[in-house]
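Down below is the structure, laid out as structure tokens.
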Amino acid sequence: MLKNVAFISVLSLTWAAACSRAPNKTEIRLEISENHQKLFEDVKHATYDEADGLKLLGSLAEKSDGFCADAIKGKFSPGNFLNVDAAKTAFADWDQSHFQSARLGCRNWYTMTDLHPEFDFSKINVTFNPRALQKFDCYAVGYLQPYIMAANLNCARLSIIDVDFRILKAHLDLLKAMRERTWTNLDQLFEKVKYSFPAGNKRKGNKHDIDLTLSDLCGENSTRACAAALIRFMEKLPSLSEVNLVLSPLHEFKFPAKRDELISVFYTSNAFDPHFTSEAHFKEFMAKLRPIAESRDRVVIYHQSEEKSFGVYQLTNENTVTTVCADKFKNVVEGRYSADRCRYFPGKTTVYENYFDQLAKGRHPEKCSE
């Protein structure tokens, strides 16, 4: 632990020395999907600048606290937080849907469950940027994952997409702290951000507002690797033309019209697992993606939760999905004893295909992580 702390401190000081005079030219803004605009009473615009975006998300977080406390008990109390008519649908399948509870800010995933996402981006570089000359239009979900993506790829722009406004508020808080530089190490940086859990967090004593360390956020990954990626991201931040934070599920995201010849890369983590995204919503995502792909290539990365397995899928201007590479995705159910300990039920491992595997050409692709 002491070695990690020392390593992180050295990295932080190195960044401060190298980049303390770098100008902050990157435009940061908040964009909001049409359905989110209809859902929340406070949302009056589709786009907010950084300062107004922080105010809006802070207001949503404050107003949602009481709603979430009631919702967890099965009570629907929209108050001045939600538009009643738009919210009824969101609340209808509350118990069955991680998606709806996240959309309403009541269940929050800050900790990274993807193992070694940097391998995914190494594969992108090897496949699409062998001479390190290609720039990318980068899109990502998650909390640390977008920064790891921008640290490893040559991103011209970065869009961070999430259905949960609390996650985006934490992003805005972190980006603001990064650029203000009133800290000397990463521990101090993350102290600038409060991570809220209206349902409580069991690991942290069921408290509402929690200080999370880089180690907490990095999950089972190497804290040193996460720290190094964050330092690289902060070094590259001034070179990004824009960072867009988009409050939207992936299937409602409006893809920008063609602006240049950049290859677009989408890091989707496991957002397209069925308990987050239905097959119907996946088809909506693909329907919106296909017309844009006629003008430039788009690449999607799927990463299995709690594993290092991932797949890379390319949508070309021929309007087809091609598997660049894909690991075998496995669900593992551990063996267990009966309650009286008299019988043992063996574990089971099953291999599954994600939505992209079911669409893609090439049923026996090379593996990604080997």
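Just remember, in the structure tokens the first chain shown is A, the second B, etc., residues are 1-based per chain, and ligands are 1-based in the order shown.
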
> Got a sec to tell me which of range 33-109 of chain A DSSP assigns to alpha helix (DSSP H), as an NGL selection string?
Replying inline: :A and (34-39 or 50-72 or 84-92 or 98-103)

>> I want to know what sits within 9 Å of range 109-118 of chain A, based on only C-alpha atoms, with residues of the same chain fewer than 5 positions away left out; could you give that as a ChimeraX atom specification?
In response: /A:102,123,142-145,148-149,152,164,167,170,195,216-222,229,269-270,303-310

>> Using only C-alpha atoms, which protein or nucleic acid residues come within 6 Å of Glu31 in chain A? Drop anything in the same chain fewer than 3 positions from it, and give the result as JSON, numbers by chain.
In response: {"A": [46, 47, 246]}

>> Just want the 12 Å neighbourhood of Lys88 in chain A, counted on only C-alpha atoms, with same-chain residues fewer than 5 positions away dropped. Output as a ChimeraX atom specification.
In response: /A:38-39,75-78,82-83,93-94,100,104

>> Write out as a PyMOL selection string the set of residues from range 95-282 of chain A that DSSP, computed on the backbone, places in strand (DSSP E or B).
In response: chain A and resi 136-140+155-162+195-196+209-210+242-247+263-267

> Near Thr268 in chain A, counting only C-alpha atoms, which residues have an atom at most 12 Å away, once you skip same-chain residues fewer than 5 positions from it, shown as number ranges by chain?
Replying inline: A: 114, 117, 120, 138-143, 145-146, 149, 159-162, 249-251, 273, 276-277, 282, 285, 299-305, 310-313, 356

Go ahead and save the picked residues with N, CA and C atoms, as a compact mmCIF listing (two decimals), in the first residue's frame.
```
# COMPACT_ATOMS: atom_id res chain seq x y z
N ASP A 114 -14.99 -3.58 -15.00
CA ASP A 114 -14.25 -4.13 -16.13
C ASP A 114 -12.80 -4.37 -15.72
N PRO A 117 -9.40 -2.73 -18.93
CA PRO A 117 -9.93 -2.14 -20.16
C PRO A 117 -8.84 -1.56 -21.06
N ASP A 120 -8.28 -3.41 -24.24
CA ASP A 120 -9.22 -3.14 -25.32
C ASP A 120 -8.68 -2.04 -26.24
N CYS A 138 -14.04 9.69 -29.70
CA CYS A 138 -14.15 8.70 -28.63
C CYS A 138 -15.45 8.88 -27.84
N TYR A 139 -16.11 7.75 -27.60
CA TYR A 139 -17.35 7.71 -26.83
C TYR A 139 -17.21 6.61 -25.79
N ALA A 140 -17.65 6.87 -24.56
CA ALA A 140 -17.48 5.86 -23.52
C ALA A 140 -18.55 5.99 -22.45
N VAL A 141 -18.87 4.87 -21.82
CA VAL A 141 -19.69 4.85 -20.61
C VAL A 141 -18.78 4.51 -19.44
N GLY A 142 -19.32 4.65 -18.22
CA GLY A 142 -18.54 4.32 -17.03
C GLY A 142 -17.97 5.55 -16.37
N TYR A 143 -17.21 5.34 -15.29
CA TYR A 143 -16.62 6.47 -14.59
C TYR A 143 -15.13 6.62 -14.90
N GLN A 145 -13.48 4.55 -16.94
CA GLN A 145 -13.21 4.05 -18.28
C GLN A 145 -13.01 5.13 -19.34
N PRO A 146 -13.80 6.22 -19.36
CA PRO A 146 -13.55 7.25 -20.38
C PRO A 146 -12.16 7.87 -20.29
N MET A 149 -9.68 5.40 -21.61
CA MET A 149 -9.79 5.39 -23.07
C MET A 149 -9.01 6.54 -23.68
N SER A 159 -16.70 11.94 -25.66
CA SER A 159 -18.08 12.02 -25.19
C SER A 159 -18.30 10.94 -24.14
N ILE A 160 -18.80 11.36 -22.98
CA ILE A 160 -19.06 10.45 -21.87
C ILE A 160 -20.58 10.32 -21.74
N ILE A 161 -21.09 9.12 -21.93
CA ILE A 161 -22.53 8.91 -21.99
C ILE A 161 -22.98 8.10 -20.77
N ASP A 162 -24.00 8.57 -20.09
CA ASP A 162 -24.53 7.80 -18.96
C ASP A 162 -26.00 8.13 -18.76
N PRO A 249 -29.43 7.20 -22.24
CA PRO A 249 -29.05 5.81 -22.51
C PRO A 249 -28.50 5.71 -23.92
N LEU A 250 -27.77 4.66 -24.20
CA LEU A 250 -27.13 4.54 -25.51
C LEU A 250 -28.16 4.52 -26.64
N HIS A 251 -29.31 3.89 -26.42
CA HIS A 251 -30.27 3.75 -27.51
C HIS A 251 -31.00 5.06 -27.81
N ASP A 273 -25.65 -5.63 -21.94
CA ASP A 273 -26.18 -6.85 -21.33
C ASP A 273 -27.69 -6.71 -21.19
N PHE A 276 -29.49 -4.48 -18.63
CA PHE A 276 -29.38 -3.04 -18.79
C PHE A 276 -30.07 -2.56 -20.07
N THR A 277 -29.96 -3.33 -21.14
CA THR A 277 -30.49 -2.93 -22.44
C THR A 277 -31.28 -4.07 -23.05
N PHE A 282 -31.51 -2.26 -28.08
CA PHE A 282 -30.29 -2.48 -28.86
C PHE A 282 -30.56 -2.23 -30.34
N PHE A 285 -30.51 1.39 -31.01
CA PHE A 285 -29.14 1.88 -31.08
C PHE A 285 -28.53 1.62 -32.45
N VAL A 299 -16.60 1.81 -34.59
CA VAL A 299 -16.12 0.62 -33.91
C VAL A 299 -16.73 0.59 -32.52
N VAL A 300 -17.25 -0.56 -32.12
CA VAL A 300 -17.88 -0.71 -30.80
C VAL A 300 -17.12 -1.76 -30.01
N ILE A 301 -16.84 -1.44 -28.75
CA ILE A 301 -16.18 -2.38 -27.83
C ILE A 301 -17.18 -2.81 -26.77
N TYR A 302 -17.34 -4.12 -26.63
CA TYR A 302 -18.11 -4.69 -25.53
C TYR A 302 -17.13 -5.33 -24.56
N HIS A 303 -17.30 -5.07 -23.25
CA HIS A 303 -16.41 -5.65 -22.24
C HIS A 303 -17.24 -6.36 -21.18
N GLN A 304 -16.95 -7.62 -20.94
CA GLN A 304 -17.70 -8.39 -19.96
C GLN A 304 -17.38 -7.91 -18.54
N SER A 305 -18.42 -7.73 -17.74
CA SER A 305 -18.23 -7.28 -16.36
C SER A 305 -17.46 -8.31 -15.55
N PHE A 310 -13.30 -9.29 -23.88
CA PHE A 310 -13.96 -8.22 -24.62
C PHE A 310 -14.10 -8.59 -26.08
N GLY A 311 -14.90 -7.82 -26.78
CA GLY A 311 -15.09 -8.00 -28.21
C GLY A 311 -15.04 -6.66 -28.92
N VAL A 312 -14.53 -6.64 -30.14
CA VAL A 312 -14.46 -5.43 -30.95
C VAL A 312 -15.24 -5.68 -32.24
N TYR A 313 -16.17 -4.77 -32.53
CA TYR A 313 -17.08 -4.95 -33.67
C TYR A 313 -17.06 -3.69 -34.52
N PHE A 356 -24.06 -8.13 -30.35
CA PHE A 356 -23.22 -7.91 -31.53
C PHE A 356 -22.82 -9.25 -32.16
```

> Pick the closest to Ser33 in chain A from A:Val163, A:Ala280, A:Leu60, A:Ala69: which is it, counting only C-alpha atoms?
Replying inline: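 Of A:Val163, A:Ala280, A:Leu60, A:Ala69, the one nearest Ser33 in chain A, counting only C-alpha atoms, is A:Val163.
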
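Between CA of Lys135 in chain A and CA of Leu153 in chain A the separation is 7.9 Å.
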
> Could you work out how far CA of Pro238 in chain A lies from CA of Lys25 in chain A, giving the answer in Å with one decimal?
Replying inline: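 Separation between CA of Lys25 in chain A and CA of Pro238 in chain A: 5.9 Å.
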
> In Å to one decimal, how far is CA of Cys368 in chain A from CA of Asp327 in chain A?
Replying inline: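 If I compute the distance from CA of Asp327 in chain A to CA of Cys368 in chain A, I get 5.6 Å.
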
>> I'd like the neighbourhood of Gln314 in chain A as number ranges by chain, where a residue qualifies if any of its atoms comes within 12 Å (using only C-alpha atoms), though same-chain residues fewer than 6 positions away should be ignored.
In response: A: 124, 127-128, 263-266, 286, 289-290, 293, 296-302, 320-326, 356-357, 359-362
